[in-house]
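So the structure is just underneath, and the comments pick up after that.
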Amino acid sequence: MKKALLAAAVAVAAAAGVVVAIVVSSGSEKNPAAPASTGASSSQPTTGSNSGSAPTTTAATTTTPNATDPVDTSALRLPPPPGRNSARRRTLVVGVVDDALAQQTRSFAQAQVDISHGAGFDAAIVSATWKRGQRRPPRSLVHALGNVAAAAKKDDMRLFVVVWHGLARETPRTPSDRADFAEYCAALVKTLPTVRDVIVGNEPNLNTFWAPQFGAGGRDLAAVGYLDLLARSYDAIKAADPGVRVLGGALAPRGADQPGGSRPTHSPTAFIRDLGTAYRASGRKRPLMDAFAFHPYMQASRVPPTASHPTNTSITVADYPKLVALLEEAFKGTAQPSGRLPIYYTEFGVQTNVPRTKLGSYSDPGFAGRSDSVGFDVQAAYYRSALALAYCQPTVRGIFIFHTFDEADFAGWQSGLYFADGTPKPSLPAFKRALADLRNGKLVSCR
């Protein structure tokens, strides 16, 4: 997205009665290069006396040698894939990511949730944005989240909340900031007891959302800082309600791994390895997370989800063995579950063309990234393929489509199953058939 739109997206649009979409991703070339790092240092993990952590280490010990080396999956032992009539056909979560569901008006929130549920989704992700100095979510946000929580409960939909800080300039860089962020997470869980899943952060491997990424000598400061944020948040959430699931990671699917580049970012391969190295160096004796969140967007909407990346550092849906092998490598032998850690694909989207008759509901038609789109039949086919892949990946617990409704600005995302005016796309019936086939055991035969 454009930087201005990203900045605007972190506020509650009270006048419109809506929490605007604030989970933005690296899914395509639409994302701009964020400003270069300011060079501020990231403090080392300080997870608190009740966390079971040892004295913290310096960042010099928390960058993995050869973090971008190829991932060896030859010795990986995965659980057997599910059969056609496995109980998994009912338990695999198929959800949607859309803050259009979180509304200030209860009836409007219920209507938005009803449409999403009618499309076949059985879960939803909405977001809460922490701002520096906050230790609890503001009343207006709690009200909107309460509305969507009530609506989701009525429709028997599982509600996830992603707590994040917005753009890179708001990165919680100090122990004090990260302690406040963790208390914010705990307060949210206490305030909204029907929320049983919390995702901590958004794409910390990108300098759009986390800065600085690198320190002197190319050290991975982002993984070190995020480790501390995740550890503190895990501890605070579990203290508030031990039954709430904490999802960590929420990584983007690719990154450059070039500290001196125009856009300093980390690939998920390097970031997971560095996160594991930082965790081991911290001496922490408790887990960091109950599940791993990941955003397996393809390089462009035209690329099918069956495409894999065995020779580079990118990870998408078909790279599941690589992702599991990395988690195993990073955390095996520690208090943090590794190769059997549940995985949720918490953002995946394929953008469509917008017909001329619908352009009146969209803005910024000249935006260059608008060309990253496909026909409705391709979107439906790719969503069906992604569902089939996820079903056959035994430790994947869910997959979330990025949006029920298109974003109205072409600088945003048009990957929804409904146009910005709320009318269904031609791809919706095929998507619903794919979901029905999944639940009826007819979608795929895993090999």
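As shown in the structure tokens, the chain order sets the letters A, B, ...; within each chain, residues go from 1, and ligands are also counted from 1 in the order they appear.
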
* From the DSSP assignment of the backbone, select every residue of range 121-360 of chain A that is strand (DSSP E), and format the answer as number ranges by chain. => A: 123-129, 158-164, 197-200, 245-251, 291-294, 343-348

* Test item, alpha helix (DSSP H) assignment across range 262-385 of chain A, answer as an MDAnalysis selection string -> chainID A and resid 268:282 320:331 376:385

* Neighbour list for Asp235 in chain A as a list of chain:residue names, cut-off 10 Å, only C-alpha atoms, skip fewer than 2 positions in-chain -> A:Thr47, A:Gly48, A:Asn50, A:Ser51, A:Ala182, A:Glu183, A:Ala186, A:Leu230, A:Ala231, A:Arg232, A:Ser233, A:Ile237, A:Lys238, A:Ala239, A:Ala240, A:Asp241, A:Pro242, A:Val246, A:Arg286, A:Pro287, A:Leu288, A:Met289

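Comparing A:Ala281, A:Ala144, A:Val126, A:Leu428 by their smallest distance to Thr346 in chain A, the closest is A:Val126 (using only C-alpha atoms).
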
* **Leu247 in chain A surroundings by only C-alpha atoms, 7 Å radius, close-in-sequence under 2 positions cut, as a VMD selection string** => chain A and resid 198 to 200 245 249 289 to 293

Would you write out those residues with all heavy atoms, as a PDB file, in the first residue's frame?
```
ATOM      1  N   VAL A 198      -4.942 -14.901  19.865  1.00  0.00           N
ATOM      2  CA  VAL A 198      -4.310 -13.600  19.675  1.00  0.00           C
ATOM      3  C   VAL A 198      -3.040 -13.777  18.849  1.00  0.00           C
ATOM      4  O   VAL A 198      -2.180 -14.597  19.181  1.00  0.00           O
ATOM      5  CB  VAL A 198      -3.973 -12.931  21.019  1.00  0.00           C
ATOM      6  CG1 VAL A 198      -3.199 -11.631  20.795  1.00  0.00           C
ATOM      7  CG2 VAL A 198      -5.246 -12.653  21.814  1.00  0.00           C
ATOM      8  N   ILE A 199      -2.932 -13.017  17.778  1.00  0.00           N
ATOM      9  CA  ILE A 199      -1.739 -13.004  16.932  1.00  0.00           C
ATOM     10  C   ILE A 199      -0.901 -11.793  17.332  1.00  0.00           C
ATOM     11  O   ILE A 199      -1.413 -10.667  17.402  1.00  0.00           O
ATOM     12  CB  ILE A 199      -2.118 -12.911  15.436  1.00  0.00           C
ATOM     13  CG1 ILE A 199      -3.062 -14.052  15.050  1.00  0.00           C
ATOM     14  CG2 ILE A 199      -0.873 -12.924  14.558  1.00  0.00           C
ATOM     15  CD1 ILE A 199      -3.742 -13.847  13.703  1.00  0.00           C
ATOM     16  N   VAL A 200       0.365 -12.006  17.601  1.00  0.00           N
ATOM     17  CA  VAL A 200       1.240 -10.934  18.078  1.00  0.00           C
ATOM     18  C   VAL A 200       2.084 -10.408  16.923  1.00  0.00           C
ATOM     19  O   VAL A 200       2.973 -11.102  16.418  1.00  0.00           O
ATOM     20  CB  VAL A 200       2.145 -11.426  19.222  1.00  0.00           C
ATOM     21  CG1 VAL A 200       3.096 -10.316  19.664  1.00  0.00           C
ATOM     22  CG2 VAL A 200       1.297 -11.896  20.399  1.00  0.00           C
ATOM     23  N   ARG A 245      -4.932 -18.917  23.050  1.00  0.00           N
ATOM     24  CA  ARG A 245      -3.831 -19.342  22.186  1.00  0.00           C
ATOM     25  C   ARG A 245      -3.074 -18.119  21.673  1.00  0.00           C
ATOM     26  O   ARG A 245      -3.683 -17.158  21.204  1.00  0.00           O
ATOM     27  CB  ARG A 245      -4.354 -20.164  21.013  1.00  0.00           C
ATOM     28  CG  ARG A 245      -4.739 -21.592  21.345  1.00  0.00           C
ATOM     29  CD  ARG A 245      -5.489 -22.252  20.209  1.00  0.00           C
ATOM     30  NE  ARG A 245      -6.810 -21.678  20.048  1.00  0.00           N
ATOM     31  CZ  ARG A 245      -7.920 -22.159  20.640  1.00  0.00           C
ATOM     32  NH1 ARG A 245      -7.848 -23.215  21.416  1.00  0.00           N
ATOM     33  NH2 ARG A 245      -9.089 -21.576  20.454  1.00  0.00           N
ATOM     34  N   GLY A 249       4.975 -14.993  14.996  1.00  0.00           N
ATOM     35  CA  GLY A 249       5.488 -15.000  13.624  1.00  0.00           C
ATOM     36  C   GLY A 249       4.781 -13.978  12.767  1.00  0.00           C
ATOM     37  O   GLY A 249       5.199 -12.835  12.658  1.00  0.00           O
ATOM     38  N   MET A 289       5.121 -19.256  21.923  1.00  0.00           N
ATOM     39  CA  MET A 289       3.864 -19.251  21.181  1.00  0.00           C
ATOM     40  C   MET A 289       3.242 -20.632  21.195  1.00  0.00           C
ATOM     41  O   MET A 289       3.918 -21.639  21.375  1.00  0.00           O
ATOM     42  CB  MET A 289       4.108 -18.794  19.739  1.00  0.00           C
ATOM     43  CG  MET A 289       5.198 -19.578  19.024  1.00  0.00           C
ATOM     44  SD  MET A 289       5.706 -18.819  17.464  1.00  0.00           S
ATOM     45  CE  MET A 289       7.337 -19.533  17.257  1.00  0.00           C
ATOM     46  N   ASP A 290       1.929 -20.664  20.959  1.00  0.00           N
ATOM     47  CA  ASP A 290       1.187 -21.915  20.852  1.00  0.00           C
ATOM     48  C   ASP A 290       1.030 -22.360  19.397  1.00  0.00           C
ATOM     49  O   ASP A 290       0.703 -23.518  19.128  1.00  0.00           O
ATOM     50  CB  ASP A 290      -0.208 -21.764  21.461  1.00  0.00           C
ATOM     51  CG  ASP A 290      -0.150 -21.359  22.923  1.00  0.00           C
ATOM     52  OD1 ASP A 290       0.598 -22.006  23.683  1.00  0.00           O
ATOM     53  OD2 ASP A 290      -0.848 -20.399  23.307  1.00  0.00           O
ATOM     54  N   ALA A 291       1.218 -21.442  18.482  1.00  0.00           N
ATOM     55  CA  ALA A 291       1.084 -21.736  17.056  1.00  0.00           C
ATOM     56  C   ALA A 291       1.869 -20.692  16.282  1.00  0.00           C
ATOM     57  O   ALA A 291       2.199 -19.621  16.810  1.00  0.00           O
ATOM     58  CB  ALA A 291      -0.386 -21.736  16.632  1.00  0.00           C
ATOM     59  N   PHE A 292       2.153 -21.008  15.022  1.00  0.00           N
ATOM     60  CA  PHE A 292       2.936 -20.121  14.169  1.00  0.00           C
ATOM     61  C   PHE A 292       2.041 -19.574  13.077  1.00  0.00           C
ATOM     62  O   PHE A 292       1.397 -20.332  12.335  1.00  0.00           O
ATOM     63  CB  PHE A 292       4.117 -20.871  13.556  1.00  0.00           C
ATOM     64  CG  PHE A 292       5.112 -19.988  12.861  1.00  0.00           C
ATOM     65  CD1 PHE A 292       6.055 -19.285  13.599  1.00  0.00           C
ATOM     66  CD2 PHE A 292       5.113 -19.853  11.495  1.00  0.00           C
ATOM     67  CE1 PHE A 292       6.991 -18.463  12.974  1.00  0.00           C
ATOM     68  CE2 PHE A 292       6.032 -19.042  10.848  1.00  0.00           C
ATOM     69  CZ  PHE A 292       6.978 -18.335  11.593  1.00  0.00           C
ATOM     70  N   ALA A 293       1.988 -18.251  12.968  1.00  0.00           N
ATOM     71  CA  ALA A 293       1.210 -17.589  11.918  1.00  0.00           C
ATOM     72  C   ALA A 293       2.125 -17.248  10.745  1.00  0.00           C
ATOM     73  O   ALA A 293       3.284 -16.866  10.943  1.00  0.00           O
ATOM     74  CB  ALA A 293       0.555 -16.325  12.459  1.00  0.00           C
TER      75      ALA A 293
END
```

* Near-range 440-446 of chain A list (6 Å; only C-alpha atoms; drop same-chain fewer than 4 positions) as a list in words -> Arg84, Asn85, Ala388 and Cys392 of chain A

* In Å to one decimal, how far is CA of Leu76 in chain A from CA of Val94 in chain A? -> 26.5 Å

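CA of Tyr391 in chain A sits 18.7 Å away from CA of Ala119 in chain A.
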
* Nearest-residue call for Pro310 in chain A, choices A:Pro65, A:Pro70, A:Gly166, A:Gly375, using only C-alpha atoms ->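 That would be A:Pro70, the residue with the smallest distance to Pro310 in chain A.
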
* Test item: residues at most 6 Å from range 314-325 of chain A, only C-alpha atoms, excluding those fewer than 2 positions along its chain, as a list in words ->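 Once the nearby chain positions are removed, what remains is Thr73, Pro253, Arg254, Pro296, Thr306, Ser308, Asn312, Leu327, Glu328 and Gly339 of chain A.
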
Expected file contents, prior selection, N, CA and C atoms, as a short mmCIF file (atom, residue, chain, number, x, y, z; two decimals), in the first residue's frame:
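Result saved to part-v9.cif:
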```cif
data_model
loop_
_atom_site.label_atom_id
_atom_site.label_comp_id
_atom_site.auth_asym_id
_atom_site.auth_seq_id
_atom_site.Cartn_x
_atom_site.Cartn_y
_atom_site.Cartn_z
N THR A 73 15.24 -30.66 3.83
CA THR A 73 14.01 -31.32 4.27
C THR A 73 14.10 -32.83 4.14
N PRO A 253 6.21 -13.59 3.24
CA PRO A 253 6.76 -14.77 2.58
C PRO A 253 8.11 -14.60 1.91
N ARG A 254 8.62 -13.37 1.86
CA ARG A 254 9.91 -13.16 1.20
C ARG A 254 10.59 -11.92 1.76
N PRO A 296 1.45 -16.72 3.40
CA PRO A 296 2.09 -17.35 2.24
C PRO A 296 1.63 -16.80 0.88
N THR A 306 0.47 -23.61 -6.15
CA THR A 306 1.23 -24.86 -6.25
C THR A 306 2.70 -24.61 -6.53
N SER A 308 6.45 -23.75 -5.88
CA SER A 308 7.28 -23.84 -4.69
C SER A 308 8.63 -23.18 -4.93
N ASN A 312 15.43 -21.09 -3.04
CA ASN A 312 15.63 -19.75 -2.50
C ASN A 312 14.99 -19.63 -1.12
N LEU A 327 11.15 -24.54 11.43
CA LEU A 327 10.68 -24.49 12.82
C LEU A 327 11.38 -25.57 13.65
N GLU A 328 11.57 -26.74 13.06
CA GLU A 328 12.27 -27.83 13.75
C GLU A 328 13.71 -27.42 14.04
N GLY A 339 8.78 -28.81 15.28
CA GLY A 339 8.28 -29.39 14.03
C GLY A 339 6.81 -29.74 14.04
#
```

As a compact mmCIF listing (two decimals) with C-alpha atoms, in the first residue's frame, please: the residues near Tyr382 in chain A (cut-off 7 Å, only C-alpha atoms, same-chain neighbours under 3 positions excluded).
```
# COMPACT_ATOMS: atom_id res chain seq x y z
CA PRO A 304 -0.52 -20.44 -8.72
CA PRO A 305 -0.24 -21.54 -5.08
CA VAL A 378 -8.46 -17.91 -11.78
CA GLN A 379 -9.10 -16.49 -8.31
CA SER A 385 -5.93 -25.10 -4.82
CA ALA A 386 -4.75 -23.32 -1.65
```

* To do: Report the distance between CA of Leu159 in chain A and CA of Arg90 in chain A in Å, rounded to one decimal place.
  =>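 About the pair CA of Leu159 in chain A and CA of Arg90 in chain A: they are 17.2 Å apart.
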
* **Nearest to Phe400 in chain A by atom-to-atom distance, counting only C-alpha atoms, from A:Asp197, A:Asp177, A:Glu347, A:Asp437** =>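 Looking only at the distances to Phe400 in chain A, the closest residue turns out to be A:Glu347.
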
* Structure fact -> If you count only C-alpha atoms, the residue of A:Gly416, A:Gly398, A:Gly133, A:Gly120 closest to Thr352 in chain A turns out to be A:Gly416
